[in-house]
>>> print(open('final39.pdb').read())   # PDB, C-alpha atoms
MODEL        1
ATOM      1  CA  MET A   1       0.000   0.000   0.000
ATOM      2  CA  ASN A   2       2.824   2.383   0.885
ATOM      3  CA  GLU A   3       4.525   1.631  -2.432
ATOM      4  CA  PHE A   4       1.286   2.341  -4.330
ATOM      5  CA  ILE A   5       0.900   5.695  -2.535
ATOM      6  CA  GLN A   6       4.516   6.548  -3.303
ATOM      7  CA  GLN A   7       4.122   5.640  -6.992
ATOM      8  CA  SER A   8       0.891   7.648  -7.180
ATOM      9  CA  MET A   9       2.535  10.686  -5.611
ATOM     10  CA  ASN A  10       5.526  10.412  -7.953
ATOM     11  CA  ASN A  11       3.140  10.274 -10.888
ATOM     12  CA  LEU A  12       1.016  13.159  -9.616
ATOM     13  CA  LEU A  13       4.071  15.350  -9.051
ATOM     14  CA  SER A  14       5.505  14.780 -12.519
ATOM     15  CA  PRO A  15       5.458  17.843 -14.817
ATOM     16  CA  VAL A  16       3.115  16.285 -17.400
ATOM     17  CA  ILE A  17       0.476  15.421 -14.780
ATOM     18  CA  LEU A  18       0.819  18.814 -13.094
ATOM     19  CA  PHE A  19       0.041  20.424 -16.456
ATOM     20  CA  PHE A  20      -3.130  18.314 -16.546
ATOM     21  CA  ALA A  21      -3.978  19.600 -13.044
ATOM     22  CA  LEU A  22      -3.271  23.165 -14.167
ATOM     23  CA  GLY A  23      -5.749  22.797 -17.020
ATOM     24  CA  TRP A  24      -8.371  21.359 -14.659
ATOM     25  CA  ILE A  25      -7.954  24.256 -12.203
ATOM     26  CA  ALA A  26      -7.973  26.846 -14.991
ATOM     27  CA  ALA A  27     -11.331  25.573 -16.258
ATOM     28  CA  ALA A  28     -12.719  25.280 -12.715
ATOM     29  CA  VAL A  29     -11.992  28.959 -11.964
ATOM     30  CA  ARG A  30     -13.332  29.919 -15.431
ATOM     31  CA  SER A  31     -10.030  31.217 -16.741
ATOM     32  CA  ASP A  32      -9.908  32.103 -20.438
ATOM     33  CA  LEU A  33      -6.893  29.795 -20.820
ATOM     34  CA  HIS A  34      -7.346  27.541 -23.823
ATOM     35  CA  LEU A  35      -5.376  26.056 -26.700
ATOM     36  CA  PRO A  36      -6.563  26.851 -30.230
ATOM     37  CA  GLU A  37      -8.199  23.900 -31.969
ATOM     38  CA  ALA A  38      -5.630  23.913 -34.769
ATOM     39  CA  MET A  39      -2.816  23.754 -32.214
ATOM     40  CA  VAL A  40      -4.472  20.869 -30.358
ATOM     41  CA  ARG A  41      -4.908  18.933 -33.595
ATOM     42  CA  GLY A  42      -1.287  19.560 -34.566
ATOM     43  CA  ILE A  43      -0.038  18.413 -31.157
ATOM     44  CA  SER A  44      -2.172  15.259 -31.272
ATOM     45  CA  TYR A  45      -0.762  14.403 -34.712
ATOM     46  CA  TYR A  46       2.777  14.969 -33.431
ATOM     47  CA  LEU A  47       2.185  12.639 -30.475
ATOM     48  CA  MET A  48       0.626   9.933 -32.658
ATOM     49  CA  ALA A  49       3.481  10.166 -35.164
ATOM     50  CA  SER A  50       6.057  10.026 -32.377
ATOM     51  CA  ILE A  51       4.634   6.949 -30.676
ATOM     52  CA  GLY A  52       4.023   5.247 -34.029
ATOM     53  CA  LEU A  53       7.595   5.952 -35.146
ATOM     54  CA  LYS A  54       8.984   4.533 -31.913
ATOM     55  CA  GLY A  55       6.886   1.376 -32.288
ATOM     56  CA  GLY A  56       7.941   1.019 -35.916
ATOM     57  CA  ILE A  57      11.624   1.239 -35.025
ATOM     58  CA  GLU A  58      11.078  -1.518 -32.472
ATOM     59  CA  LEU A  59       9.286  -3.584 -35.113
ATOM     60  CA  SER A  60      12.286  -3.136 -37.424
ATOM     61  CA  HIS A  61      14.368  -4.872 -34.767
ATOM     62  CA  GLU A  62      11.830  -7.592 -33.988
ATOM     63  CA  GLY A  63      10.473  -8.207 -37.487
ATOM     64  CA  TRP A  64       7.304 -10.276 -37.712
ATOM     65  CA  ALA A  65       8.407 -12.547 -34.924
ATOM     66  CA  PRO A  66       5.761 -14.817 -33.339
ATOM     67  CA  ALA A  67       5.720 -12.559 -30.266
ATOM     68  CA  VAL A  68       4.639  -9.600 -32.407
ATOM     69  CA  VAL A  69       1.921 -11.584 -34.205
ATOM     70  CA  PHE A  70       0.575 -12.986 -30.924
ATOM     71  CA  ALA A  71       0.575  -9.498 -29.380
ATOM     72  CA  MET A  72      -1.468  -8.060 -32.252
ATOM     73  CA  ALA A  73      -3.886 -11.002 -32.071
ATOM     74  CA  ALA A  74      -4.266 -10.355 -28.342
ATOM     75  CA  GLY A  75      -5.008  -6.684 -29.079
ATOM     76  CA  ILE A  76      -7.772  -7.675 -31.497
ATOM     77  CA  LEU A  77      -9.199 -10.119 -28.931
ATOM     78  CA  LEU A  78      -9.234  -7.429 -26.232
ATOM     79  CA  GLY A  79     -10.989  -5.092 -28.690
ATOM     80  CA  LEU A  80     -13.731  -7.708 -29.082
ATOM     81  CA  VAL A  81     -14.126  -8.952 -25.505
ATOM     82  CA  ILE A  82     -14.010  -5.702 -23.517
ATOM     83  CA  PRO A  83     -16.925  -3.994 -25.343
ATOM     84  CA  MET A  84     -19.031  -7.142 -24.880
ATOM     85  CA  ILE A  85     -18.434  -7.080 -21.112
ATOM     86  CA  ALA A  86     -19.159  -3.350 -20.970
ATOM     87  CA  PHE A  87     -22.332  -3.747 -23.027
ATOM     88  CA  PHE A  88     -23.861  -6.455 -20.831
ATOM     89  CA  ILE A  89     -23.040  -4.512 -17.649
ATOM     90  CA  LEU A  90     -24.678  -1.378 -19.043
ATOM     91  CA  ARG A  91     -27.644  -3.202 -20.598
ATOM     92  CA  TRP A  92     -28.681  -5.489 -17.736
ATOM     93  CA  LEU A  93     -27.366  -3.760 -14.639
ATOM     94  CA  GLY A  94     -27.654  -0.160 -15.811
ATOM     95  CA  ARG A  95     -30.869  -0.698 -17.823
ATOM     96  CA  LEU A  96     -29.586   1.485 -20.647
ATOM     97  CA  SER A  97     -31.027   1.253 -24.118
ATOM     98  CA  ALA A  98     -29.181  -1.056 -26.498
ATOM     99  CA  VAL A  99     -28.024   1.918 -28.573
ATOM    100  CA  ASP A 100     -26.555   3.842 -25.612
ATOM    101  CA  ALA A 101     -25.013   0.692 -24.115
ATOM    102  CA  ALA A 102     -23.412  -0.242 -27.458
ATOM    103  CA  ASN A 103     -22.129   3.295 -27.980
ATOM    104  CA  ILE A 104     -20.431   3.407 -24.561
ATOM    105  CA  ALA A 105     -19.145  -0.164 -24.965
ATOM    106  CA  ALA A 106     -17.378   0.752 -28.223
ATOM    107  CA  HIS A 107     -15.619   3.639 -26.466
ATOM    108  CA  TYR A 108     -14.369   1.335 -23.698
ATOM    109  CA  GLY A 109     -13.344  -1.436 -26.078
ATOM    110  CA  SER A 110     -11.176   1.037 -27.955
ATOM    111  CA  VAL A 111      -8.164   2.853 -26.512
ATOM    112  CA  SER A 112      -7.116   6.283 -25.330
ATOM    113  CA  ALA A 113      -3.838   7.069 -27.061
ATOM    114  CA  VAL A 114      -3.226   9.954 -24.629
ATOM    115  CA  THR A 115      -3.526   7.615 -21.632
ATOM    116  CA  PHE A 116      -1.112   5.249 -23.381
ATOM    117  CA  LEU A 117       1.321   8.122 -23.965
ATOM    118  CA  THR A 118       1.014   9.226 -20.326
ATOM    119  CA  ALA A 119       1.737   5.672 -19.179
ATOM    120  CA  SER A 120       4.760   5.383 -21.482
ATOM    121  CA  ALA A 121       6.054   8.693 -20.073
ATOM    122  CA  PHE A 122       5.525   7.299 -16.552
ATOM    123  CA  LEU A 123       7.587   4.200 -17.424
ATOM    124  CA  THR A 124      10.327   6.363 -18.949
ATOM    125  CA  ARG A 125      10.575   8.381 -15.731
ATOM    126  CA  GLN A 126      10.811   5.109 -13.794
ATOM    127  CA  GLY A 127      13.583   3.916 -16.106
ATOM    128  CA  VAL A 128      11.471   0.905 -17.123
ATOM    129  CA  GLU A 129      11.855  -0.530 -20.620
ATOM    130  CA  TYR A 130       8.908  -1.927 -22.587
ATOM    131  CA  GLU A 131       8.294  -3.762 -25.837
ATOM    132  CA  GLY A 132       7.724  -1.285 -28.652
ATOM    133  CA  TYR A 133       5.292  -3.592 -30.408
ATOM    134  CA  ALA A 134       2.768  -2.852 -27.657
ATOM    135  CA  ILE A 135       2.044   0.151 -29.868
ATOM    136  CA  ALA A 136       0.983  -2.254 -32.620
ATOM    137  CA  MET A 137      -1.625  -3.616 -30.212
ATOM    138  CA  MET A 138      -2.981  -0.102 -29.757
ATOM    139  CA  ALA A 139      -3.237   0.326 -33.523
ATOM    140  CA  VAL A 140      -5.369  -2.797 -34.013
ATOM    141  CA  MET A 141      -7.843  -2.351 -31.133
ATOM    142  CA  GLU A 142      -9.828   0.531 -32.613
ATOM    143  CA  LEU A 143     -11.698  -1.230 -35.411
ATOM    144  CA  PRO A 144     -12.755  -4.428 -33.526
ATOM    145  CA  ALA A 145     -14.254  -2.292 -30.735
ATOM    146  CA  ILE A 146     -16.290  -0.161 -33.151
ATOM    147  CA  ALA A 147     -17.455  -3.200 -35.116
ATOM    148  CA  THR A 148     -18.488  -4.994 -31.911
ATOM    149  CA  GLY A 149     -20.425  -1.959 -30.696
ATOM    150  CA  LEU A 150     -22.297  -1.695 -33.999
ATOM    151  CA  LEU A 151     -23.118  -5.409 -34.109
ATOM    152  CA  LEU A 152     -24.397  -5.348 -30.516
ATOM    153  CA  ALA A 153     -26.617  -2.369 -31.303
ATOM    154  CA  ARG A 154     -27.992  -4.064 -34.408
ATOM    155  CA  PHE A 155     -28.636  -7.374 -32.646
ATOM    156  CA  PHE A 156     -30.255  -6.107 -29.439
ATOM    157  CA  GLU A 157     -32.173  -3.055 -30.627
ATOM    158  CA  HIS A 158     -35.548  -4.160 -31.996
ATOM    159  CA  GLY A 159     -35.457  -3.217 -35.632
ATOM    160  CA  GLY A 160     -32.252  -1.320 -34.940
ATOM    161  CA  ASN A 161     -29.755  -0.617 -37.657
ATOM    162  CA  PRO A 162     -26.415   1.147 -37.091
ATOM    163  CA  SER A 163     -26.766   2.626 -40.550
ATOM    164  CA  GLU A 164     -30.322   3.858 -40.029
ATOM    165  CA  ASN A 165     -29.397   7.407 -40.969
ATOM    166  CA  GLY A 166     -28.621   6.218 -44.483
ATOM    167  CA  THR A 167     -24.866   5.954 -44.042
ATOM    168  CA  PRO A 168     -23.641   2.579 -45.378
ATOM    169  CA  MET A 169     -21.740   0.283 -43.030
ATOM    170  CA  THR A 170     -18.711   0.490 -45.326
ATOM    171  CA  GLU A 171     -18.616   4.275 -44.894
ATOM    172  CA  ILE A 172     -18.742   3.922 -41.114
ATOM    173  CA  MET A 173     -15.835   1.470 -41.169
ATOM    174  CA  ARG A 174     -13.918   3.716 -43.549
ATOM    175  CA  GLU A 175     -14.359   6.607 -41.116
ATOM    176  CA  ALA A 176     -12.921   4.469 -38.323
ATOM    177  CA  ILE A 177      -9.981   3.084 -40.306
ATOM    178  CA  PHE A 178      -8.941   6.331 -41.999
ATOM    179  CA  ASN A 179      -9.457   8.665 -39.055
ATOM    180  CA  GLY A 180      -6.559  11.146 -39.037
ATOM    181  CA  SER A 181      -5.146   9.960 -35.697
ATOM    182  CA  VAL A 182      -5.205   6.320 -36.815
ATOM    183  CA  VAL A 183      -3.617   7.122 -40.200
ATOM    184  CA  ILE A 184      -0.699   9.050 -38.711
ATOM    185  CA  LEU A 185      -0.156   6.455 -35.974
ATOM    186  CA  VAL A 186      -0.054   3.538 -38.423
ATOM    187  CA  GLY A 187       1.851   5.623 -40.977
ATOM    188  CA  GLY A 188       4.485   6.554 -38.399
ATOM    189  CA  MET A 189       4.788   2.895 -37.469
ATOM    190  CA  ILE A 190       5.361   1.886 -41.102
ATOM    191  CA  ILE A 191       7.951   4.652 -41.572
ATOM    192  CA  GLY A 192       9.768   3.563 -38.412
ATOM    193  CA  ALA A 193       9.685  -0.096 -39.488
ATOM    194  CA  VAL A 194      11.071   0.745 -42.946
ATOM    195  CA  THR A 195      13.800   3.186 -41.876
ATOM    196  CA  GLY A 196      14.756   1.604 -38.541
ATOM    197  CA  ASP A 197      17.601   3.248 -36.632
ATOM    198  CA  LYS A 198      18.107   5.752 -39.449
ATOM    199  CA  ALA A 199      14.924   7.460 -38.205
ATOM    200  CA  VAL A 200      16.520   7.942 -34.785
ATOM    201  CA  GLU A 201      19.461   9.767 -36.368
ATOM    202  CA  THR A 202      17.450  11.984 -38.701
ATOM    203  CA  VAL A 203      14.164  12.879 -36.954
ATOM    204  CA  GLY A 204      14.797  11.495 -33.459
ATOM    205  CA  PRO A 205      15.738  14.887 -31.901
ATOM    206  CA  PHE A 206      12.357  16.307 -32.956
ATOM    207  CA  PHE A 207      10.086  13.341 -32.293
ATOM    208  CA  PHE A 208      11.738  11.937 -29.169
ATOM    209  CA  ASN A 209      13.643  14.715 -27.382
ATOM    210  CA  LEU A 210      10.694  17.130 -27.380
ATOM    211  CA  PHE A 211       8.083  14.492 -26.609
ATOM    212  CA  GLN A 212       7.642  15.128 -22.851
ATOM    213  CA  GLY A 213       7.265  18.896 -23.265
ATOM    214  CA  ILE A 214       4.704  18.647 -26.070
ATOM    215  CA  LEU A 215       2.791  15.948 -24.166
ATOM    216  CA  SER A 216       2.594  18.400 -21.235
ATOM    217  CA  PHE A 217       0.858  20.950 -23.453
ATOM    218  CA  PHE A 218      -1.611  18.354 -24.679
ATOM    219  CA  LEU A 219      -2.402  17.284 -21.111
ATOM    220  CA  LEU A 220      -2.988  20.951 -20.255
ATOM    221  CA  HIS A 221      -5.715  20.915 -22.914
ATOM    222  CA  MET A 222      -7.064  17.581 -21.660
ATOM    223  CA  GLY A 223      -7.251  18.959 -18.109
ATOM    224  CA  ILE A 224      -9.378  21.859 -19.344
ATOM    225  CA  GLU A 225     -11.704  19.522 -21.253
ATOM    226  CA  ALA A 226     -11.980  17.005 -18.396
ATOM    227  CA  SER A 227     -12.825  19.754 -15.916
ATOM    228  CA  ARG A 228     -15.590  21.043 -18.169
ATOM    229  CA  ARG A 229     -17.025  17.523 -18.514
ATOM    230  CA  PHE A 230     -17.001  17.142 -14.730
ATOM    231  CA  ALA A 231     -20.116  19.320 -14.578
ATOM    232  CA  ASP A 232     -21.982  16.710 -16.640
ATOM    233  CA  PHE A 233     -21.827  14.135 -13.813
ATOM    234  CA  ARG A 234     -25.423  14.886 -12.874
ATOM    235  CA  GLN A 235     -26.545  13.809 -16.332
ATOM    236  CA  VAL A 236     -24.783  10.439 -16.320
ATOM    237  CA  GLY A 237     -26.097   9.382 -12.899
ATOM    238  CA  ARG A 238     -24.592   7.371 -10.067
ATOM    239  CA  PHE A 239     -24.559   4.038 -11.862
ATOM    240  CA  LEU A 240     -22.684   5.367 -14.892
ATOM    241  CA  THR A 241     -20.264   7.248 -12.644
ATOM    242  CA  GLY A 242     -19.508   3.980 -10.870
ATOM    243  CA  PHE A 243     -19.183   2.241 -14.237
ATOM    244  CA  GLY A 244     -16.585   4.820 -15.305
ATOM    245  CA  LEU A 245     -14.486   3.848 -12.282
ATOM    246  CA  VAL A 246     -15.025   0.068 -12.268
ATOM    247  CA  MET A 247     -14.813  -0.693 -15.996
ATOM    248  CA  PRO A 248     -11.173   0.453 -16.270
ATOM    249  CA  LEU A 249     -10.301  -1.993 -13.489
ATOM    250  CA  ILE A 250     -11.996  -4.832 -15.397
ATOM    251  CA  GLY A 251     -10.290  -3.905 -18.670
ATOM    252  CA  GLY A 252      -6.998  -3.344 -16.859
ATOM    253  CA  ALA A 253      -7.217  -6.808 -15.273
ATOM    254  CA  LEU A 254      -7.766  -8.387 -18.702
ATOM    255  CA  GLY A 255      -4.816  -6.397 -20.048
ATOM    256  CA  LEU A 256      -2.590  -7.556 -17.185
ATOM    257  CA  LEU A 257      -3.606 -11.152 -17.854
ATOM    258  CA  ALA A 258      -2.920 -10.762 -21.585
ATOM    259  CA  GLY A 259       0.460  -9.164 -20.959
ATOM    260  CA  ARG A 260       1.469 -11.944 -18.606
ATOM    261  CA  LEU A 261       0.320 -14.711 -20.987
ATOM    262  CA  LEU A 262       2.249 -13.036 -23.807
ATOM    263  CA  GLY A 263       5.369 -13.077 -21.641
ATOM    264  CA  LEU A 264       5.831  -9.303 -21.810
ATOM    265  CA  SER A 265       8.096  -7.376 -19.461
ATOM    266  CA  VAL A 266       6.786  -5.348 -16.519
ATOM    267  CA  GLY A 267       6.659  -2.241 -18.718
ATOM    268  CA  GLY A 268       4.960  -4.040 -21.607
ATOM    269  CA  THR A 269       2.396  -5.634 -19.294
ATOM    270  CA  THR A 270       1.641  -2.227 -17.767
ATOM    271  CA  LEU A 271       0.996  -0.741 -21.210
ATOM    272  CA  VAL A 272      -1.295  -3.596 -22.236
ATOM    273  CA  ALA A 273      -3.212  -3.050 -18.980
ATOM    274  CA  ILE A 274      -3.600   0.617 -19.932
ATOM    275  CA  LEU A 275      -4.862  -0.386 -23.377
ATOM    276  CA  GLY A 276      -7.519  -2.533 -21.708
ATOM    277  CA  ALA A 277      -8.396   0.077 -19.088
ATOM    278  CA  SER A 278      -8.630   3.219 -21.203
ATOM    279  CA  ALA A 279     -11.554   4.534 -23.227
ATOM    280  CA  SER A 280     -11.462   6.449 -26.499
ATOM    281  CA  TYR A 281     -12.721  10.024 -26.688
ATOM    282  CA  ILE A 282     -11.172  11.110 -29.988
ATOM    283  CA  ALA A 283     -11.495   8.577 -32.834
ATOM    284  CA  VAL A 284     -14.473   6.466 -31.699
ATOM    285  CA  PRO A 285     -16.916   9.347 -30.974
ATOM    286  CA  ALA A 286     -16.668  10.509 -34.592
ATOM    287  CA  ALA A 287     -17.356   7.050 -36.020
ATOM    288  CA  MET A 288     -20.143   6.215 -33.556
ATOM    289  CA  HIS A 289     -21.856   9.558 -34.104
ATOM    290  CA  ILE A 290     -22.291   8.566 -37.744
ATOM    291  CA  ALA A 291     -23.265   4.987 -36.906
ATOM    292  CA  LEU A 292     -25.621   5.538 -33.955
ATOM    293  CA  PRO A 293     -27.137   9.023 -34.215
ATOM    294  CA  LYS A 294     -29.732   8.181 -31.523
ATOM    295  CA  ALA A 295     -27.053   7.482 -28.887
ATOM    296  CA  ASN A 296     -26.545  10.147 -26.223
ATOM    297  CA  PRO A 297     -22.945  11.460 -26.623
ATOM    298  CA  THR A 298     -23.028  13.014 -23.142
ATOM    299  CA  TYR A 299     -22.868   9.555 -21.593
ATOM    300  CA  SER A 300     -19.880   8.261 -23.554
ATOM    301  CA  ILE A 301     -17.761  11.430 -23.670
ATOM    302  CA  THR A 302     -18.372  12.343 -20.023
ATOM    303  CA  LEU A 303     -17.516   8.821 -18.891
ATOM    304  CA  ALA A 304     -14.403   8.459 -21.055
ATOM    305  CA  LEU A 305     -12.967  11.931 -20.594
ATOM    306  CA  GLY A 306     -14.449  13.200 -17.332
ATOM    307  CA  ILE A 307     -14.210  10.037 -15.213
ATOM    308  CA  THR A 308     -12.105   7.214 -16.673
ATOM    309  CA  PHE A 309      -9.252   9.335 -18.049
ATOM    310  CA  PRO A 310      -8.484  11.167 -14.753
ATOM    311  CA  PHE A 311      -8.930   7.895 -12.825
ATOM    312  CA  ASN A 312      -6.379   6.116 -15.009
ATOM    313  CA  VAL A 313      -3.915   9.014 -14.876
ATOM    314  CA  ILE A 314      -4.089   9.420 -11.091
ATOM    315  CA  VAL A 315      -4.785   5.880  -9.838
ATOM    316  CA  GLY A 316      -4.719   3.403 -12.720
ATOM    317  CA  ILE A 317      -1.202   3.809 -14.134
ATOM    318  CA  PRO A 318       0.686   3.339 -10.834
ATOM    319  CA  LEU A 319      -1.761   0.588  -9.796
ATOM    320  CA  TYR A 320      -1.331  -1.456 -12.986
ATOM    321  CA  PHE A 321       2.445  -0.941 -12.796
ATOM    322  CA  LEU A 322       2.615  -2.329  -9.250
ATOM    323  CA  ILE A 323       0.407  -5.310 -10.143
ATOM    324  CA  ALA A 324       2.588  -5.996 -13.210
ATOM    325  CA  GLN A 325       5.636  -6.009 -10.925
ATOM    326  CA  TRP A 326       3.882  -8.424  -8.581
ATOM    327  CA  LEU A 327       2.901 -10.721 -11.469
ATOM    328  CA  HIS A 328       6.544 -10.921 -12.506
TER     329      HIS A 328
ENDMDL
END
>>> encode(input="final39.pdb", output="structure tokens")
Amino acid sequence: MNEFIQQSMNNLLSPVILFFALGWIAAAVRSDLHLPEAMVRGISYYLMASIGLKGGIELSHEGWAPAVVFAMAAGILLGLVIPMIAFFILRWLGRLSAVDAANIAAHYGSVSAVTFLTASAFLTRQGVEYEGYAIAMMAVMELPAIATGLLLARFFEHGGNPSENGTPMTEIMREAIFNGSVVILVGGMIIGAVTGDKAVETVGPFFFNLFQGILSFFLLHMGIEASRRFADFRQVGRFLTGFGLVMPLIGGALGLLAGRLLGLSVGGTTLVAILGASASYIAVPAAMHIALPKANPTYSITLALGITFPFNVIVGIPLYFLIAQWLH
């Protein structure tokens, strides 16, 4: 317990997390502090490219070894199983409509790249190495989660159809696959895999040396957004608030199990736990808005950004790290 408190305090007192806290406080006191939308988009693309490039360089060393293939298969499996668990909890315990339950489930089956980046920064500060191909797992979890959410909505909603607004299913999937964040993440991974260590020499100073500082600015923005969503708690209700705290623990436990079965290191297992525990609030909302226009976005965005994201940043990351150490 003392070690968990110490890890949590170390994480809370890191510059990147303190920038998140600064954003939260700024929004709470109604400061006019904000980052322009174009700047936020540019920063998010930089972060995705950076983490993708790093994963690609690691893949260039590993190649398509069995460990990499198994890891990606595990990522796909997590992207299928987690939304199913979330859906049945929301549908039968929370009594939500099939559409709202499926919408939220897709968010929780997918991943939060920013939470992943925060966890990787945490491991770097701890001096803990991790397998770069964990990033490949993040890249493959998006689509299975969205597809599962849509299929659940179609199956359980009487007469329901995820494409009821006239948008074909192929267009919905295209939106998910070719979302800007996904494209630059996968593209960066391919570039890193093709160029290998040459990328470190040529673009490494920009993509790797500046990473922590630019991540701090992005977390400043996320703190502002999370604080604003905090006011929406009354709309999501007690059950959904509890779900936003418990579901990351369920997903994190599955991620820890997957990481251990894959034989990953402590750092790699921690990152897989974060992939299982986090919830998307960037790529998935856009795709699900097209697919399920009747779903209430307040539920999913407030849960993912206002509850689960701060919980993972403050409690989840050090908790999963300590459990990963214990498992090893």
>>> closest_residue(input="final39.pdb", among="A:Gly263, A:Ile274, A:Ala65, A:Phe218", to="Pro318 (chain A)", atoms="only C-alpha atoms")
A:Ile274
>>> closest_residue(input="final39.pdb", among="A:Ile301, A:Ala253, A:Ile190, A:Ala287", to="Gly56 (chain A)", atoms="all atoms listed in the file")
A:Ile190
>>> closest_residue(input="final39.pdb", among="A:Leu264, A:Ala119, A:Ile25, A:Ile76", to="Gln325 (chain A)", atoms="all atoms listed in the file")
A:Leu264
>>> residues_around(input="final39.pdb", residues="Leu215 (chain A)", least_positions_apart="2", cutoff="8 Å", atoms="all atoms listed in the file", output="PyMOL selection string")
chain A and resi 16+43+47+117-118+211-213+217-219
>>> resolve_selection(input="final39.pdb", expression="the PyMOL selection byres ((chain A and resi 275-283) around 6)", output="PDB file with C-alpha atoms, in the frame of the given file")
ATOM      1  CA  HIS A 107     -15.619   3.639 -26.466  1.00  0.00           C
ATOM      2  CA  TYR A 108     -14.369   1.335 -23.698  1.00  0.00           C
ATOM      3  CA  SER A 110     -11.176   1.037 -27.955  1.00  0.00           C
ATOM      4  CA  VAL A 111      -8.164   2.853 -26.512  1.00  0.00           C
ATOM      5  CA  SER A 112      -7.116   6.283 -25.330  1.00  0.00           C
ATOM      6  CA  PRO A 248     -11.173   0.453 -16.270  1.00  0.00           C
ATOM      7  CA  GLY A 251     -10.290  -3.905 -18.670  1.00  0.00           C
ATOM      8  CA  GLY A 252      -6.998  -3.344 -16.859  1.00  0.00           C
ATOM      9  CA  GLY A 255      -4.816  -6.397 -20.048  1.00  0.00           C
ATOM     10  CA  VAL A 272      -1.295  -3.596 -22.236  1.00  0.00           C
ATOM     11  CA  ALA A 273      -3.212  -3.050 -18.980  1.00  0.00           C
ATOM     12  CA  ILE A 274      -3.600   0.617 -19.932  1.00  0.00           C
ATOM     13  CA  VAL A 284     -14.473   6.466 -31.699  1.00  0.00           C
ATOM     14  CA  PRO A 285     -16.916   9.347 -30.974  1.00  0.00           C
ATOM     15  CA  ALA A 286     -16.668  10.509 -34.592  1.00  0.00           C
ATOM     16  CA  ALA A 304     -14.403   8.459 -21.055  1.00  0.00           C
TER      17      ALA A 304
END
>>> closest_residue(input="final39.pdb", among="A:Asn312, A:Ser14, A:Ser60, A:Asn209", to="Phe116 (chain A)", atoms="only C-alpha atoms")
A:Asn312
>>> closest_residue(input="final39.pdb", among="A:Trp326, A:Tyr133, A:Phe206, A:Tyr299", to="Gly268 (chain A)", atoms="all atoms listed in the file")
A:Tyr133
>>> residues_around(input="final39.pdb", residues="Ile17 (chain A)", least_positions_apart="3", cutoff="12 Å", atoms="only C-alpha atoms", output="ChimeraX atom specification")
/A:8-14,20-24,114-115,117-119,121-122,212-213,215-223,309-310,312-315,317
>>> resolve_selection(input="final39.pdb", expression="the PyMOL selection byres ((chain A and resi 295) around 7)", output="PyMOL selection string")
chain A and resi 99-100+103+292-294+296-297
>>> closest_residue(input="final39.pdb", among="A:Ile82, A:Leu305, A:Leu261, A:Val182", to="Ser44 (chain A)", atoms="all atoms listed in the file")
A:Val182
>>> atom_distance(input="final39.pdb", atom1="CA of Leu143 (chain A)", atom2="CA of Gly196 (chain A)")
26.8 Å
>>> atom_distance(input="final39.pdb", atom1="CA of Phe321 (chain A)", atom2="CA of Ala134 (chain A)")
15.0 Å
>>> resolve_selection(input="final39.pdb", expression="the PyMOL selection byres ((chain A and resi 188) around 9)", output="compact mmCIF listing (two decimals) with C-alpha atoms, keeping the file's coordinate frame")
# COMPACT_ATOMS: atom_id res chain seq x y z
CA MET A 48 0.63 9.93 -32.66
CA ALA A 49 3.48 10.17 -35.16
CA SER A 50 6.06 10.03 -32.38
CA ILE A 51 4.63 6.95 -30.68
CA GLY A 52 4.02 5.25 -34.03
CA LEU A 53 7.60 5.95 -35.15
CA LYS A 54 8.98 4.53 -31.91
CA GLY A 55 6.89 1.38 -32.29
CA GLY A 56 7.94 1.02 -35.92
CA VAL A 183 -3.62 7.12 -40.20
CA ILE A 184 -0.70 9.05 -38.71
CA LEU A 185 -0.16 6.46 -35.97
CA VAL A 186 -0.05 3.54 -38.42
CA GLY A 187 1.85 5.62 -40.98
CA MET A 189 4.79 2.90 -37.47
CA ILE A 190 5.36 1.89 -41.10
CA ILE A 191 7.95 4.65 -41.57
CA GLY A 192 9.77 3.56 -38.41
CA ALA A 193 9.68 -0.10 -39.49
>>> atom_distance(input="final39.pdb", atom1="CA of Met141 (chain A)", atom2="CA of Met72 (chain A)")
8.6 Å
